[in-house]
Amino acid sequence: MLLETRHLHIGYGDAPAVWDATLDVDAGEIVSVIGPNGAGKTTLINAIAGLLRCRQGDLRFDGVDMTNLKAHEFCGHGIALVPEGRRLFAKMSVEENLELGCYLQAARAARSDSLERVYALFPVLRQKRLQPAGELSGGQQQMVAIGRALMARPRIVLFDEPSLGLAPAIVDDMFDIIVRVRDDGAAVLLVEQNVLKALGIADRAYVLEQGRIVAQGVPNELLDQPHIREAYLGV
Amino acid sequence: MPSATLLGQALISGVLAGGMYGLLAMGLSLSWGLLRLVNLSHFALAFLSAYIVYELGTKYGVAPWWSAAMVVPVMFGVGAAQYWLFDRFHVNELASLLITFSFAVIVEAGIQIYWTADYRRFETHYSTLSFKVGPFFVPVLELVLCVVASVLAWGTWMWLRKTYVGKGLRAAAEDADIAAAYGVDHRKLAYLLSGIGAAYAGIAGTFIALIATLAPAQIWAWLGVVFAVVIIGRLGNPLGALLAGMLIGASESLAMAVLSPAWAPVVSFSVLIVILLWDPEWL
Ligand SMILES: Nc1ncnc2c1ncn2[C@@H]1O[C@H](COP(=O)(O)OP(=O)(O)OP(=O)(O)O)[C@@H](O)[C@H]1O
Ligand SMILES: [Mg+2]
């Protein structure tokens with residue numbers, strides 16, 4: 001198993017936000033986590049990226065115990081985050097944002113090759129490479145956020161609501177890109193509120209509600225559960 | 001209206017004097033812009049360095065460049081140690097202002113105890129050297145200062161733009177968590193940057209020792225104008241700091257020549273206010 005979390009408890013100050021989260025992602029998989037606003041999806045994914053400390057539980061990546069690592073040590077193991085709201089370095093140029101993705105030595109060595117790949121995937125970014133990232137449109141910013149993650153040569157990419165705030169016309173493109181990332185060899189953990197699309201591309205999925213994982217399985221099974229149909233599809 | 005020669009001379013003197021503003025502003029601008037720490041003690045470190053250069057030079061006959069070779073690394077250590085303190089106690093922007101102000105007051109008192117409040121002057125045979133270009137006098141030391149400041153400003157600017165360390169610092173200044181998620185160990189870089197800022201105070205101090213008359217209270221003499229320079233040059237931008245320093249130096253000097261010396265501070269702060277009103281995002 002590539003990513004394994006066991007009974008993770010994560011919180012802010014005294015307030016717990018995620019209880020007892022146990023999930024797996026294997027190499028080559030797309031795993032989706034769906035859930036309503038405030039369920040704790042971002043909290044969970046940020047903890048897996050190393051931005052939040054887990055209070056309890058085990059976080060393993062490729063067999064390595066990540067629980068006590070510092071935030072800046074996660075990326076080197078092959079974990080890259082496409083954060084909620086993109087969080088680009090707005091004053092830095094598009095290319096500098098991408099280069100930040102290959103900050104670490106191993107990824108840095110493959111810089112030009114990775115840049116070519118990202119520009120091949122998102123040709124528009126090549127034209128805008130010298131512009132401050134903050135001046136791009138929402139869709140283009142999302143491309144930079146994904147490109148930045150790919151520059152790290154990750155073994156898993158964590159996507160936190162990549163379709164949020166995008167024009168409907170490009171939402172489908174975004175999901176195609178996610179599939180493409182997986183096909184190029186990285187595993188994907190995807191957090192989404194766009195339930196149908198997220199389940200549509202997933203190999204497996206988890207349902208997170210009020211900080212707890214309440215259901216899991218392959219997408220078709222989940223879609224057959226009345227509770228999930230009601231809560232997420234309104235039928 | 002003063003003659004063209006006088007104005008030209010005022011312009012040259014002003015730009016050269018502005019090099020000192022720029023050099024002092026650089027260290028302040030780096031730590032404010034990239035670490036969000038406002039280091040008022042920067043001026044105190046510069047004057048402490050100046051006094052040490054003065055002491056070594058007058059008592060032991062050490063040439064200022066040798067003194068600088070010793071003082072600058074020591075100041076780097078002081079800067080790094082200051083960052084340790086800020087980090088250890090999770091100091092924020094406002095608190096850093098108060099703490100470094102206190103630190104500056106302590107250094108000022110230390111200087112006053114050791115060197116007394118008397119005016120001190122480090123006389124060297126080159127301190128008043130100048131050469132003539134057409135009708136204008138160019139003071140040699142100030143020119144050297146400007147060259148050094150320009151090299152430092154340019155080098156630092158390139159370092160921030162072209163190296164991964166520099167990009168990591170700029171990224172962490174915008175979003176430290178995400179920078180960390182891509183492997184930037186912000187704390188390690190912050191030690192380095194804080195040390196570099198203080199080392200620049202050491203370099204500025206060496207020139208202060210040679211150019212200025214030293215007195216403990218002089219620590220505060222440049223505070224206002226250098227703050228204006230830091231902001232006009234844009235936080236975290238060493239090249240901006242230097243250019244703003246020269247701009248303010250030139251404007252002050254011209255204002256003094258055309259109007260009267262009392263107008264000098266009015267100029268720099270008017271420029272500051274205009275810029276802040278025109279573009280409040282400037283900070
Ligand atoms: N920085 C924070 N400090 C304190 N509480 C927080 C913080 N961030 C989130 N929370 C709380 O933790 C809980 C989970 O939030 P989280 O952002 O993980 O949910 P989410 O599922 O990602 O929601 P959304 O769909 O809106 O992105 C919420 O109750 C939220 O109020
Ligand atoms: Mg969220």
# chains A, B, ... in the order shown; residues from 1 in each chain; ligands from 1

call {"tool": "residues_near_ligand", "arguments": {"ligand": "ligand 1", "cutoff": "10 Å", "atoms": "only C-alpha atoms and all ligand atoms", "output": "compact mmCIF listing (two decimals) with all heavy atoms, in the first residue's frame"}}
result
# COMPACT_ATOMS: atom_id res chain seq x y z
N ILE A 10 -7.23 14.52 14.07
CA ILE A 10 -6.61 15.78 13.69
C ILE A 10 -7.51 16.91 14.19
O ILE A 10 -8.73 16.80 14.14
CB ILE A 10 -6.47 15.92 12.15
CG1 ILE A 10 -5.93 14.62 11.55
CG2 ILE A 10 -5.54 17.06 11.79
CD1 ILE A 10 -6.36 14.41 10.12
N GLY A 11 -6.90 17.98 14.68
CA GLY A 11 -7.73 19.07 15.17
C GLY A 11 -6.99 20.39 15.13
O GLY A 11 -5.83 20.47 14.76
N TYR A 12 -7.72 21.42 15.51
CA TYR A 12 -7.15 22.77 15.60
C TYR A 12 -7.26 23.20 17.05
O TYR A 12 -8.37 23.29 17.58
CB TYR A 12 -7.92 23.75 14.72
CG TYR A 12 -7.95 23.34 13.26
CD1 TYR A 12 -9.01 22.58 12.75
CD2 TYR A 12 -6.92 23.69 12.41
CE1 TYR A 12 -9.03 22.20 11.42
CE2 TYR A 12 -6.93 23.31 11.08
CZ TYR A 12 -7.99 22.57 10.59
OH TYR A 12 -8.02 22.21 9.28
N GLY A 13 -6.15 23.46 17.70
CA GLY A 13 -6.21 23.80 19.12
C GLY A 13 -6.90 22.68 19.87
O GLY A 13 -6.54 21.52 19.73
N ASP A 14 -7.93 23.04 20.61
CA ASP A 14 -8.64 22.03 21.38
C ASP A 14 -9.75 21.37 20.57
O ASP A 14 -10.32 20.36 20.99
CB ASP A 14 -9.27 22.66 22.63
CG ASP A 14 -8.19 22.95 23.67
OD1 ASP A 14 -7.15 22.27 23.61
OD2 ASP A 14 -8.40 23.84 24.50
N ALA A 15 -10.08 21.97 19.43
CA ALA A 15 -11.24 21.48 18.70
C ALA A 15 -10.85 20.37 17.73
O ALA A 15 -10.10 20.60 16.78
CB ALA A 15 -11.89 22.64 17.93
N PRO A 16 -11.34 19.17 17.93
CA PRO A 16 -11.05 18.10 16.97
C PRO A 16 -11.83 18.33 15.68
O PRO A 16 -12.94 18.86 15.71
CB PRO A 16 -11.52 16.83 17.68
CG PRO A 16 -12.44 17.27 18.75
CD PRO A 16 -12.21 18.72 19.04
N ALA A 17 -11.25 17.99 14.57
CA ALA A 17 -11.95 18.18 13.30
C ALA A 17 -12.11 16.86 12.55
O ALA A 17 -13.05 16.69 11.79
CB ALA A 17 -11.19 19.18 12.42
N VAL A 18 -11.19 15.94 12.76
CA VAL A 18 -11.29 14.62 12.13
C VAL A 18 -11.01 13.56 13.19
O VAL A 18 -10.05 13.68 13.96
CB VAL A 18 -10.27 14.49 10.96
CG1 VAL A 18 -10.18 13.05 10.48
CG2 VAL A 18 -10.65 15.41 9.81
N VAL A 33 -12.45 11.35 -1.81
CA VAL A 33 -13.09 11.54 -0.52
C VAL A 33 -14.17 12.59 -0.75
O VAL A 33 -13.88 13.70 -1.19
CB VAL A 33 -12.10 12.04 0.55
CG1 VAL A 33 -12.82 12.32 1.86
CG2 VAL A 33 -10.99 11.01 0.76
N ILE A 34 -15.41 12.22 -0.48
CA ILE A 34 -16.49 13.19 -0.65
C ILE A 34 -17.11 13.47 0.71
O ILE A 34 -16.94 12.70 1.66
CB ILE A 34 -17.57 12.67 -1.63
CG1 ILE A 34 -18.17 11.36 -1.13
CG2 ILE A 34 -16.98 12.48 -3.02
CD1 ILE A 34 -19.39 10.93 -1.93
N GLY A 35 -17.78 14.59 0.79
CA GLY A 35 -18.40 14.96 2.05
C GLY A 35 -18.86 16.40 1.98
O GLY A 35 -18.39 17.16 1.15
N PRO A 36 -19.78 16.78 2.87
CA PRO A 36 -20.35 18.13 2.82
C PRO A 36 -19.36 19.18 3.34
O PRO A 36 -18.28 18.84 3.83
CB PRO A 36 -21.56 18.03 3.75
CG PRO A 36 -21.23 16.92 4.69
CD PRO A 36 -20.38 15.96 3.93
N ASN A 37 -19.76 20.44 3.25
CA ASN A 37 -18.95 21.54 3.79
C ASN A 37 -18.62 21.30 5.24
O ASN A 37 -19.48 20.93 6.03
CB ASN A 37 -19.76 22.85 3.72
CG ASN A 37 -19.61 23.51 2.38
OD1 ASN A 37 -18.55 23.42 1.76
ND2 ASN A 37 -20.66 24.14 1.92
N GLY A 38 -17.37 21.55 5.59
CA GLY A 38 -16.98 21.47 6.99
C GLY A 38 -16.83 20.06 7.51
O GLY A 38 -16.67 19.86 8.72
N ALA A 39 -16.87 19.06 6.63
CA ALA A 39 -16.77 17.68 7.09
C ALA A 39 -15.38 17.34 7.60
O ALA A 39 -15.20 16.41 8.38
CB ALA A 39 -17.14 16.73 5.95
N GLY A 40 -14.39 18.10 7.15
CA GLY A 40 -13.02 17.82 7.58
C GLY A 40 -12.14 17.31 6.44
O GLY A 40 -11.04 16.81 6.68
N LYS A 41 -12.60 17.48 5.21
CA LYS A 41 -11.84 16.97 4.06
C LYS A 41 -10.49 17.67 3.93
O LYS A 41 -9.45 17.03 3.76
CB LYS A 41 -12.66 17.16 2.77
CG LYS A 41 -14.05 16.54 2.83
CD LYS A 41 -14.80 16.70 1.52
CE LYS A 41 -15.09 18.14 1.12
NZ LYS A 41 -16.00 18.86 2.03
N THR A 42 -10.53 19.00 4.02
CA THR A 42 -9.28 19.75 3.90
C THR A 42 -8.34 19.43 5.06
O THR A 42 -7.13 19.28 4.88
CB THR A 42 -9.58 21.27 3.86
OG1 THR A 42 -10.36 21.52 2.70
CG2 THR A 42 -8.33 22.09 3.83
N THR A 43 -8.93 19.32 6.24
CA THR A 43 -8.13 18.98 7.41
C THR A 43 -7.41 17.66 7.19
O THR A 43 -6.19 17.55 7.43
CB THR A 43 -9.07 18.85 8.63
OG1 THR A 43 -9.80 20.07 8.76
CG2 THR A 43 -8.28 18.59 9.90
N LEU A 44 -8.11 16.68 6.69
CA LEU A 44 -7.53 15.37 6.46
C LEU A 44 -6.42 15.43 5.41
O LEU A 44 -5.31 14.92 5.61
CB LEU A 44 -8.64 14.39 6.01
CG LEU A 44 -8.20 12.97 5.66
CD1 LEU A 44 -7.56 12.29 6.87
CD2 LEU A 44 -9.40 12.16 5.17
N ILE A 45 -6.70 16.09 4.30
CA ILE A 45 -5.72 16.10 3.21
C ILE A 45 -4.50 16.93 3.60
O ILE A 45 -3.36 16.58 3.26
CB ILE A 45 -6.40 16.59 1.90
CG1 ILE A 45 -5.75 15.91 0.69
CG2 ILE A 45 -6.32 18.08 1.74
CD1 ILE A 45 -6.54 16.06 -0.59
N ASN A 46 -4.70 18.02 4.34
CA ASN A 46 -3.56 18.82 4.79
C ASN A 46 -2.69 18.05 5.77
O ASN A 46 -1.47 18.21 5.77
CB ASN A 46 -4.04 20.13 5.43
CG ASN A 46 -4.44 21.16 4.38
OD1 ASN A 46 -4.24 20.95 3.18
ND2 ASN A 46 -5.00 22.27 4.83
N ALA A 47 -3.32 17.22 6.57
CA ALA A 47 -2.52 16.40 7.49
C ALA A 47 -1.70 15.38 6.71
O ALA A 47 -0.53 15.12 7.03
CB ALA A 47 -3.43 15.69 8.49
N LEU A 52 -0.53 19.79 8.80
CA LEU A 52 -1.11 19.71 10.15
C LEU A 52 -0.55 18.48 10.82
O LEU A 52 -0.36 17.44 10.19
CB LEU A 52 -2.64 19.58 10.08
CG LEU A 52 -3.42 20.79 9.61
CD1 LEU A 52 -4.87 20.39 9.36
CD2 LEU A 52 -3.35 21.88 10.66
N GLU A 84 -6.53 23.51 -1.49
CA GLU A 84 -7.81 24.19 -1.66
C GLU A 84 -7.55 25.68 -1.90
O GLU A 84 -6.74 26.29 -1.21
CB GLU A 84 -8.64 24.01 -0.38
CG GLU A 84 -10.04 24.59 -0.48
CD GLU A 84 -10.86 24.24 0.75
OE1 GLU A 84 -10.50 24.67 1.86
OE2 GLU A 84 -11.85 23.53 0.61
N GLY A 85 -8.25 26.24 -2.87
CA GLY A 85 -8.05 27.65 -3.17
C GLY A 85 -6.73 27.92 -3.86
O GLY A 85 -6.30 29.07 -3.97
N ASP A 160 -7.22 19.02 -3.52
CA ASP A 160 -8.28 19.49 -2.63
C ASP A 160 -9.22 20.40 -3.42
O ASP A 160 -8.90 21.55 -3.69
CB ASP A 160 -7.67 20.23 -1.43
CG ASP A 160 -8.70 20.45 -0.32
OD1 ASP A 160 -9.90 20.21 -0.57
OD2 ASP A 160 -8.29 20.85 0.78
N GLU A 161 -10.36 19.88 -3.77
CA GLU A 161 -11.39 20.61 -4.52
C GLU A 161 -10.85 21.37 -5.72
O GLU A 161 -11.00 22.58 -5.82
CB GLU A 161 -12.12 21.58 -3.59
CG GLU A 161 -12.59 20.88 -2.33
CD GLU A 161 -14.00 21.25 -1.90
OE1 GLU A 161 -14.78 21.67 -2.77
OE2 GLU A 161 -14.28 21.11 -0.71
N LEU A 164 -13.28 23.70 -7.65
CA LEU A 164 -13.94 24.81 -6.95
C LEU A 164 -13.66 26.14 -7.64
O LEU A 164 -12.52 26.49 -7.90
CB LEU A 164 -13.42 24.86 -5.51
CG LEU A 164 -14.22 25.71 -4.52
CD1 LEU A 164 -15.53 25.03 -4.18
CD2 LEU A 164 -13.40 25.92 -3.25
N VAL A 191 -10.20 15.16 -3.11
CA VAL A 191 -11.29 15.61 -2.27
C VAL A 191 -12.19 16.48 -3.12
O VAL A 191 -11.71 17.37 -3.82
CB VAL A 191 -10.71 16.43 -1.09
CG1 VAL A 191 -11.75 17.36 -0.53
CG2 VAL A 191 -10.17 15.52 -0.01
N GLU A 192 -13.47 16.21 -3.11
CA GLU A 192 -14.37 16.97 -3.99
C GLU A 192 -15.77 17.10 -3.42
O GLU A 192 -16.24 16.24 -2.68
CB GLU A 192 -14.48 16.25 -5.35
CG GLU A 192 -13.66 16.86 -6.46
CD GLU A 192 -14.04 18.30 -6.80
OE1 GLU A 192 -15.19 18.73 -6.54
OE2 GLU A 192 -13.18 19.01 -7.34
N GLN A 193 -16.41 18.20 -3.79
CA GLN A 193 -17.83 18.31 -3.49
C GLN A 193 -18.66 17.96 -4.72
O GLN A 193 -19.86 17.74 -4.62
CB GLN A 193 -18.17 19.73 -3.04
CG GLN A 193 -17.61 20.02 -1.67
CD GLN A 193 -18.25 21.22 -1.04
OE1 GLN A 193 -19.45 21.45 -1.21
NE2 GLN A 193 -17.47 21.99 -0.33
N LEU A 208 -16.84 11.20 4.00
CA LEU A 208 -16.47 11.82 5.28
C LEU A 208 -17.60 12.74 5.72
O LEU A 208 -18.00 13.64 4.97
CB LEU A 208 -15.17 12.61 5.09
CG LEU A 208 -14.47 13.17 6.32
CD1 LEU A 208 -13.94 12.06 7.20
CD2 LEU A 208 -13.33 14.10 5.91
N GLU A 209 -18.12 12.51 6.92
CA GLU A 209 -19.17 13.40 7.44
C GLU A 209 -18.84 13.74 8.88
O GLU A 209 -18.56 12.85 9.68
CB GLU A 209 -20.55 12.71 7.36
CG GLU A 209 -21.05 12.64 5.91
CD GLU A 209 -22.40 11.94 5.79
OE1 GLU A 209 -22.98 11.57 6.82
OE2 GLU A 209 -22.84 11.76 4.64
N GLN A 210 -18.89 15.01 9.19
CA GLN A 210 -18.61 15.50 10.55
C GLN A 210 -17.35 14.88 11.14
O GLN A 210 -17.33 14.45 12.29
CB GLN A 210 -19.82 15.24 11.44
CG GLN A 210 -20.99 16.08 10.97
CD GLN A 210 -22.24 15.86 11.78
OE1 GLN A 210 -22.38 14.85 12.47
NE2 GLN A 210 -23.14 16.81 11.73
N GLY A 211 -16.32 14.81 10.32
CA GLY A 211 -15.03 14.36 10.82
C GLY A 211 -14.86 12.85 10.89
O GLY A 211 -13.82 12.38 11.34

call {"tool": "select_by_dssp", "arguments": {"residues": "region 5-208 of chain A", "states": "strand (DSSP E)", "output": "ChimeraX atom specification"}}
result
/A:5-12,15-25,30-34,56-61,64-65,79-82,156-160,187-192,204-208

call {"tool": "interface_residues", "arguments": {"of": "chain A", "to": "chain B", "cutoff": "7 Å", "atoms": "only C-alpha atoms", "output": "PDB file with N, CA, C and O atoms, in the first residue's frame"}}
result
ATOM      1  N   ALA A  49      -0.574  15.863   3.810  1.00  0.00           N
ATOM      2  CA  ALA A  49       0.493  16.622   3.147  1.00  0.00           C
ATOM      3  C   ALA A  49       1.539  17.120   4.138  1.00  0.00           C
ATOM      4  O   ALA A  49       2.554  17.680   3.732  1.00  0.00           O
ATOM      5  N   GLY A  50       1.267  16.963   5.428  1.00  0.00           N
ATOM      6  CA  GLY A  50       2.237  17.378   6.442  1.00  0.00           C
ATOM      7  C   GLY A  50       2.002  18.758   7.011  1.00  0.00           C
ATOM      8  O   GLY A  50       2.742  19.213   7.869  1.00  0.00           O
ATOM      9  N   LEU A  51       0.963  19.469   6.541  1.00  0.00           N
ATOM     10  CA  LEU A  51       0.736  20.832   7.022  1.00  0.00           C
ATOM     11  C   LEU A  51       0.141  20.861   8.414  1.00  0.00           C
ATOM     12  O   LEU A  51       0.236  21.866   9.115  1.00  0.00           O
ATOM     13  N   ALA A  71       6.835  19.426   8.426  1.00  0.00           N
ATOM     14  CA  ALA A  71       6.091  19.727   7.200  1.00  0.00           C
ATOM     15  C   ALA A  71       6.989  19.687   5.962  1.00  0.00           C
ATOM     16  O   ALA A  71       6.609  19.141   4.927  1.00  0.00           O
ATOM     17  N   HIS A  72       8.192  20.258   6.066  1.00  0.00           N
ATOM     18  CA  HIS A  72       9.015  20.360   4.857  1.00  0.00           C
ATOM     19  C   HIS A  72       9.678  19.031   4.490  1.00  0.00           C
ATOM     20  O   HIS A  72      10.375  18.953   3.479  1.00  0.00           O
ATOM     21  N   GLU A  73       9.468  18.012   5.303  1.00  0.00           N
ATOM     22  CA  GLU A  73      10.072  16.717   4.994  1.00  0.00           C
ATOM     23  C   GLU A  73       9.144  15.785   4.215  1.00  0.00           C
ATOM     24  O   GLU A  73       9.561  14.729   3.760  1.00  0.00           O
ATOM     25  N   PHE A  74       7.879  16.185   4.080  1.00  0.00           N
ATOM     26  CA  PHE A  74       6.924  15.291   3.411  1.00  0.00           C
ATOM     27  C   PHE A  74       7.163  15.197   1.913  1.00  0.00           C
ATOM     28  O   PHE A  74       7.099  14.121   1.328  1.00  0.00           O
ATOM     29  N   CYS A  75       7.437  16.335   1.310  1.00  0.00           N
ATOM     30  CA  CYS A  75       7.523  16.399  -0.149  1.00  0.00           C
ATOM     31  C   CYS A  75       8.600  15.458  -0.687  1.00  0.00           C
ATOM     32  O   CYS A  75       8.410  14.794  -1.702  1.00  0.00           O
ATOM     33  N   GLY A  76       9.703  15.387   0.022  1.00  0.00           N
ATOM     34  CA  GLY A  76      10.813  14.548  -0.410  1.00  0.00           C
ATOM     35  C   GLY A  76      10.463  13.071  -0.501  1.00  0.00           C
ATOM     36  O   GLY A  76      11.117  12.315  -1.219  1.00  0.00           O
ATOM     37  N   PHE A  89       1.877  31.346  -5.162  1.00  0.00           N
ATOM     38  CA  PHE A  89       2.691  32.473  -4.716  1.00  0.00           C
ATOM     39  C   PHE A  89       2.393  33.600  -5.694  1.00  0.00           C
ATOM     40  O   PHE A  89       3.015  33.722  -6.749  1.00  0.00           O
ATOM     41  N   LEU A 100       9.193  26.277  -7.763  1.00  0.00           N
ATOM     42  CA  LEU A 100       9.087  25.975  -6.338  1.00  0.00           C
ATOM     43  C   LEU A 100       8.712  24.504  -6.143  1.00  0.00           C
ATOM     44  O   LEU A 100       9.109  23.877  -5.166  1.00  0.00           O
ATOM     45  N   GLY A 101       7.959  23.978  -7.097  1.00  0.00           N
ATOM     46  CA  GLY A 101       7.593  22.566  -7.021  1.00  0.00           C
ATOM     47  C   GLY A 101       8.804  21.651  -7.052  1.00  0.00           C
ATOM     48  O   GLY A 101       8.795  20.578  -6.459  1.00  0.00           O
ATOM     49  N   TYR A 103      11.755  22.352  -5.767  1.00  0.00           N
ATOM     50  CA  TYR A 103      12.717  22.960  -4.834  1.00  0.00           C
ATOM     51  C   TYR A 103      13.722  21.942  -4.311  1.00  0.00           C
ATOM     52  O   TYR A 103      14.898  22.241  -4.149  1.00  0.00           O
ATOM     53  N   LEU A 104      13.258  20.739  -4.068  1.00  0.00           N
ATOM     54  CA  LEU A 104      14.153  19.737  -3.479  1.00  0.00           C
ATOM     55  C   LEU A 104      15.104  19.158  -4.528  1.00  0.00           C
ATOM     56  O   LEU A 104      14.761  19.033  -5.697  1.00  0.00           O
TER      57      LEU A 104
END

call {"tool": "closest_residue", "arguments": {"among": "A:Ala90, A:Gln141, A:Val25, A:Leu190", "to": "ligand 2", "atoms": "only C-alpha atoms and all ligand atoms"}}
result
A:Leu190

call {"tool": "closest_residue", "arguments": {"among": "B:Ser67, B:Ser127, B:Asn39, B:Gln218", "to": "Asn92 (chain B)", "atoms": "only C-alpha atoms"}}
result
B:Asn39

call {"tool": "atom_distance", "arguments": {"atom1": "CA of Leu242 (chain B)", "atom2": "CA of Leu24 (chain B)"}}
result
8.9 Å

call {"tool": "atom_distance", "arguments": {"atom1": "CA of Ala46 (chain B)", "atom2": "CA of Gly236 (chain B)"}}
result
19.1 Å

call {"tool": "atom_distance", "arguments": {"atom1": "CA of Ala221 (chain B)", "atom2": "CA of Ala153 (chain B)"}}
result
22.7 Å

call {"tool": "residues_around", "arguments": {"residues": "Val181 (chain A)", "least_positions_apart": "2", "cutoff": "10 Å", "atoms": "only C-alpha atoms", "output": "count of residues only"}}
result
18

call {"tool": "select_by_dssp", "arguments": {"residues": "region 6-222 of chain A", "states": "helix (DSSP H, G or I)", "output": "number ranges by chain"}}
result
A: 41-49, 71-73, 75-77, 94-101, 105-109, 111-121, 123-127, 133-135, 138-151, 168-183, 195-201, 219-222

call {"tool": "decode", "arguments": {"residues": "region 35-41 of chain B", "atoms": "all heavy atoms", "output": "CSV table (one decimal), in the first residue's frame"}}
result
chain,number,residue,atom,x,y,z
B,35,LEU,N,10.7,38.2,6.2
B,35,LEU,CA,10.5,37.4,7.5
B,35,LEU,C,9.4,38.1,8.3
B,35,LEU,O,9.0,37.6,9.4
B,35,LEU,CB,11.8,37.4,8.3
B,35,LEU,CG,13.0,36.8,7.6
B,35,LEU,CD1,14.2,36.9,8.5
B,35,LEU,CD2,12.8,35.4,7.1
B,36,ARG,N,8.9,39.2,7.8
B,36,ARG,CA,7.9,40.0,8.6
B,36,ARG,C,8.4,40.4,10.0
B,36,ARG,O,7.6,40.3,11.0
B,36,ARG,CB,6.6,39.2,8.7
B,36,ARG,CG,5.8,39.1,7.3
B,36,ARG,CD,5.1,40.4,7.1
B,36,ARG,NE,5.1,40.8,5.7
B,36,ARG,CZ,4.8,42.1,5.3
B,36,ARG,NH1,4.5,43.0,6.1
B,36,ARG,NH2,4.8,42.4,4.0
B,37,LEU,N,9.6,40.7,10.1
B,37,LEU,CA,10.2,41.2,11.3
B,37,LEU,C,10.8,42.6,11.0
B,37,LEU,O,11.6,42.8,10.1
B,37,LEU,CB,11.3,40.2,11.8
B,37,LEU,CG,10.9,38.8,12.1
B,37,LEU,CD1,12.1,37.9,12.3
B,37,LEU,CD2,10.0,38.8,13.4
B,38,VAL,N,10.3,43.5,11.8
B,38,VAL,CA,10.8,44.9,11.7
B,38,VAL,C,11.9,45.1,12.6
B,38,VAL,O,11.7,45.2,13.8
B,38,VAL,CB,9.7,45.9,12.0
B,38,VAL,CG1,10.1,47.3,11.5
B,38,VAL,CG2,8.4,45.5,11.3
B,39,ASN,N,13.2,45.2,12.1
B,39,ASN,CA,14.3,45.2,13.0
B,39,ASN,C,14.9,46.5,13.2
B,39,ASN,O,15.8,47.0,12.6
B,39,ASN,CB,15.4,44.2,12.4
B,39,ASN,CG,16.4,43.9,13.5
B,39,ASN,OD1,16.5,44.6,14.5
B,39,ASN,ND2,17.2,42.9,13.2
B,40,LEU,N,14.3,47.2,14.3
B,40,LEU,CA,14.8,48.6,14.6
B,40,LEU,C,16.2,48.5,15.1
B,40,LEU,O,16.9,49.5,15.0
B,40,LEU,CB,13.9,49.2,15.7
B,40,LEU,CG,12.6,49.8,15.2
B,40,LEU,CD1,11.8,50.4,16.4
B,40,LEU,CD2,12.9,50.9,14.2
B,41,SER,N,16.7,47.4,15.6
B,41,SER,CA,18.0,47.3,16.1
B,41,SER,C,19.1,47.3,15.0
B,41,SER,O,20.3,47.4,15.3
B,41,SER,CB,18.2,46.1,17.0
B,41,SER,OG,18.1,44.9,16.3
